[in-house]
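Single-structure report; data block below.
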Amino acid sequence: MTAEDANVRIDTSKPHPARVYDWLLGGKDNYLVDQEMGEKLPPEARANAARNRAFMHRAVAWLADNGVSQFLDIGTGIPTEPNLHQIVQAINPACRVVYADNDPIVLRHAEALLVSSPEGATDYVQADVRRPEAILDHARALLDFDQPIALSLIALMHFITDEEDPYGLARTLVNALPSGSYLVLSHGTTDEHPDLADSVTDTYKKGQVPLRMRRRAEVERFFEGLELVDPGLVTATYWYKESPAPKAELSGFYVAVARVP
């Protein structure tokens, strides 16, 4: 494991998305400031976080089942078992996974918990999606960019404001991938919870965490030029393949998997 800057101080004075998400999933690796923000979010936030993570499990398992053996997971968050590498290496022990996150507390847990199977490999870089080239440079040390790679952007891009060019950042990452690669993306929305839109946005704003929920058409833009895998761009409970259908429920996330032509 290496880090962009392993000596970056953990800031416990304001909440961090990775730690709030950990709290929403029932984890213990968060601080009082993160817990306070989580408690101010609507009760639906916890269920939405769980449904989003379940989508990730189904999507990466399907990819590993269909021959993808390399994964670049940006916005990893606090390790919560089963982690991505555990899912894909249970299917193909030779899978190689690079994790990236910008919260230094994630690095400390990643060093202990994101450990590969003997046949495969995992690595971690402390880096921000706003610096995609730094992530790609690090990933090239472990991943073969001449072979298909699954790029995972799970519950991340809604923390990138319009001014920070989320579509351009995603395009830089996707453009670095060879044909046959995949983009796995989930993105926060209030389309199915319009009554909660102001509450969610205000809670994050008060915590000094930028948040830009997007409508379906806005999320669809992340997949321009790519080939959406059936069932296309749907809410989290409606994306599944061979696995049993999840319970159909309202969701706070749009999700999709798309192939790089």
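Following the order of the structure tokens, chains are lettered A, B, ..., residues in each are numbered from 1, and ligands are numbered from 1.
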What are the closest atom pairs, with distances in Å to one decimal, for all residues of segment 195-250 of chain A lying within 12 Å of segment 164-174 of chain A? Consider only C-alpha atoms, order rows by chain and residue number, and present the result as a tab-separated table.
residue	atom	partner	partner_atom	distance
A:Pro210	CA	A:Glu164	CA	10.9
A:Leu211	CA	A:Glu164	CA	11.8
A:Arg212	CA	A:Pro166	CA	10.2
A:Arg214	CA	A:Pro166	CA	11.4
A:Glu218	CA	A:Tyr167	CA	9.7
A:Val219	CA	A:Tyr167	CA	9.4
A:Glu220	CA	A:Tyr167	CA	10.3
A:Arg221	CA	A:Tyr167	CA	7.3
A:Phe222	CA	A:Tyr167	CA	5.9
A:Phe223	CA	A:Arg171	CA	9.0
A:Glu224	CA	A:Arg171	CA	9.2
A:Gly225	CA	A:Arg171	CA	9.9
A:Leu226	CA	A:Val174	CA	9.4
Store the residues of this selection in a file with C-alpha atoms, as a compact mmCIF listing (two decimals), in the first residue's frame.
# COMPACT_ATOMS: atom_id res chain seq x y z
CA PRO A 210 -20.47 19.93 -1.20
CA LEU A 211 -23.36 17.92 -2.59
CA ARG A 212 -24.89 17.98 -6.05
CA ARG A 214 -28.61 15.01 -10.09
CA GLU A 218 -27.86 14.50 -15.75
CA VAL A 219 -26.59 11.10 -14.55
CA GLU A 220 -27.08 9.69 -18.05
CA ARG A 221 -24.43 12.09 -19.33
CA PHE A 222 -21.71 10.12 -17.52
CA PHE A 223 -22.37 7.25 -19.95
CA GLU A 224 -22.21 9.16 -23.23
CA GLY A 225 -20.35 7.12 -25.86
CA LEU A 226 -20.56 3.94 -23.79
Point to revise | Non-local contacts of Pro178 of chain A (12 Å; only C-alpha atoms; under 5 positions in same chain excluded) as a PyMOL selection string | key: chain A and resi 70+143-151+173+183+259-261
Exercise for review: Find the spatial neighbours of segment 54-58 of chain A, counting only C-alpha atoms, within a cut-off of 12 Å - ignore same-chain residues fewer than 2 positions away - and output them as an MDAnalysis selection string.
Suggested key: chainID A and resid 25 47:52 60:65 73 76 80:88 90 150:155 183:187 234:247 251 253:257
Review point. Which of segment 23-74 of chain A counts as strand (DSSP E or B) under DSSP, as an MDAnalysis selection string please?
Key: chainID A and resid 70:74
Those same residues - all heavy atoms - I'd like them written as a JSON list (two decimals), in the first residue's frame.
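Contents of the output file part_16.json:
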[["chain", "number", "residue", "atom", "x", "y", "z"],
["A", 70, "GLN", "N", -9.66, -7.05, -13.59],
["A", 70, "GLN", "CA", -8.97, -5.87, -13.09],
["A", 70, "GLN", "C", -10.01, -4.81, -12.71],
["A", 70, "GLN", "O", -10.95, -4.56, -13.47],
["A", 70, "GLN", "CB", -8.03, -5.30, -14.15],
["A", 70, "GLN", "CG", -6.96, -6.27, -14.62],
["A", 70, "GLN", "CD", -5.94, -5.55, -15.50],
["A", 70, "GLN", "OE1", -4.81, -5.32, -15.10],
["A", 70, "GLN", "NE2", -6.34, -5.19, -16.71],
["A", 71, "PHE", "N", -9.80, -4.19, -11.55],
["A", 71, "PHE", "CA", -10.76, -3.23, -11.02],
["A", 71, "PHE", "C", -10.04, -2.02, -10.45],
["A", 71, "PHE", "O", -9.05, -2.15, -9.73],
["A", 71, "PHE", "CB", -11.62, -3.87, -9.92],
["A", 71, "PHE", "CG", -12.48, -5.01, -10.42],
["A", 71, "PHE", "CD1", -11.95, -6.28, -10.61],
["A", 71, "PHE", "CD2", -13.82, -4.78, -10.73],
["A", 71, "PHE", "CE1", -12.74, -7.32, -11.09],
["A", 71, "PHE", "CE2", -14.62, -5.82, -11.21],
["A", 71, "PHE", "CZ", -14.07, -7.09, -11.39],
["A", 72, "LEU", "N", -10.55, -0.83, -10.81],
["A", 72, "LEU", "CA", -10.06, 0.43, -10.26],
["A", 72, "LEU", "C", -11.23, 1.09, -9.55],
["A", 72, "LEU", "O", -12.17, 1.55, -10.18],
["A", 72, "LEU", "CB", -9.52, 1.33, -11.38],
["A", 72, "LEU", "CG", -9.10, 2.76, -10.98],
["A", 72, "LEU", "CD1", -8.08, 2.75, -9.87],
["A", 72, "LEU", "CD2", -8.58, 3.52, -12.21],
["A", 73, "ASP", "N", -11.18, 1.10, -8.23],
["A", 73, "ASP", "CA", -12.29, 1.56, -7.39],
["A", 73, "ASP", "C", -11.93, 2.89, -6.76],
["A", 73, "ASP", "O", -11.06, 2.95, -5.88],
["A", 73, "ASP", "CB", -12.59, 0.52, -6.31],
["A", 73, "ASP", "CG", -13.75, 0.92, -5.43],
["A", 73, "ASP", "OD1", -14.75, 1.42, -5.97],
["A", 73, "ASP", "OD2", -13.66, 0.72, -4.20],
["A", 74, "ILE", "N", -12.58, 3.96, -7.23],
["A", 74, "ILE", "CA", -12.26, 5.31, -6.75],
["A", 74, "ILE", "C", -13.40, 5.78, -5.84],
["A", 74, "ILE", "O", -14.57, 5.69, -6.20],
["A", 74, "ILE", "CB", -12.07, 6.28, -7.92],
["A", 74, "ILE", "CG1", -10.96, 5.75, -8.85],
["A", 74, "ILE", "CG2", -11.71, 7.68, -7.41],
["A", 74, "ILE", "CD1", -10.76, 6.59, -10.10]]
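Proximity ranking of A:Gly75, A:Leu114, A:His109, A:Met213 relative to Pro132 of chain A places A:Gly75 first, based on only C-alpha atoms.
Shortest atom-to-atom contact with Gln35 of chain A among A:Glu133, A:Gly207, A:Thr189, A:Ala94: A:Gly207, counting only C-alpha atoms.
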Review point. Which one is closest to Lys40 of chain A: A:Leu113, A:Val97, A:Ile10, A:Val200? Count only C-alpha atoms.
Key: A:Val200
Exercise for review: Rank A:Val33, A:Pro43, A:Glu111, A:Tyr182 by their smallest atom-to-atom distance to Val68 of chain A, using only C-alpha atoms, and report the top residue only.
Suggested key: A:Tyr182
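You will find atom CA of Pro104 of chain A at 12.3 Å from atom CA of Pro17 of chain A.
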Check your understanding: What is the atom CA of Leu156 of chain A-atom CA of Asn92 of chain A distance in Å, reported with one decimal?
Key -> 26.3 Å
Exercise for review: Would you please work out which residue, of A:Leu142, A:Ile78, A:Val125, A:Ala258, is nearest to Glu227 of chain A when using only C-alpha atoms?
Suggested key: A:Ala258
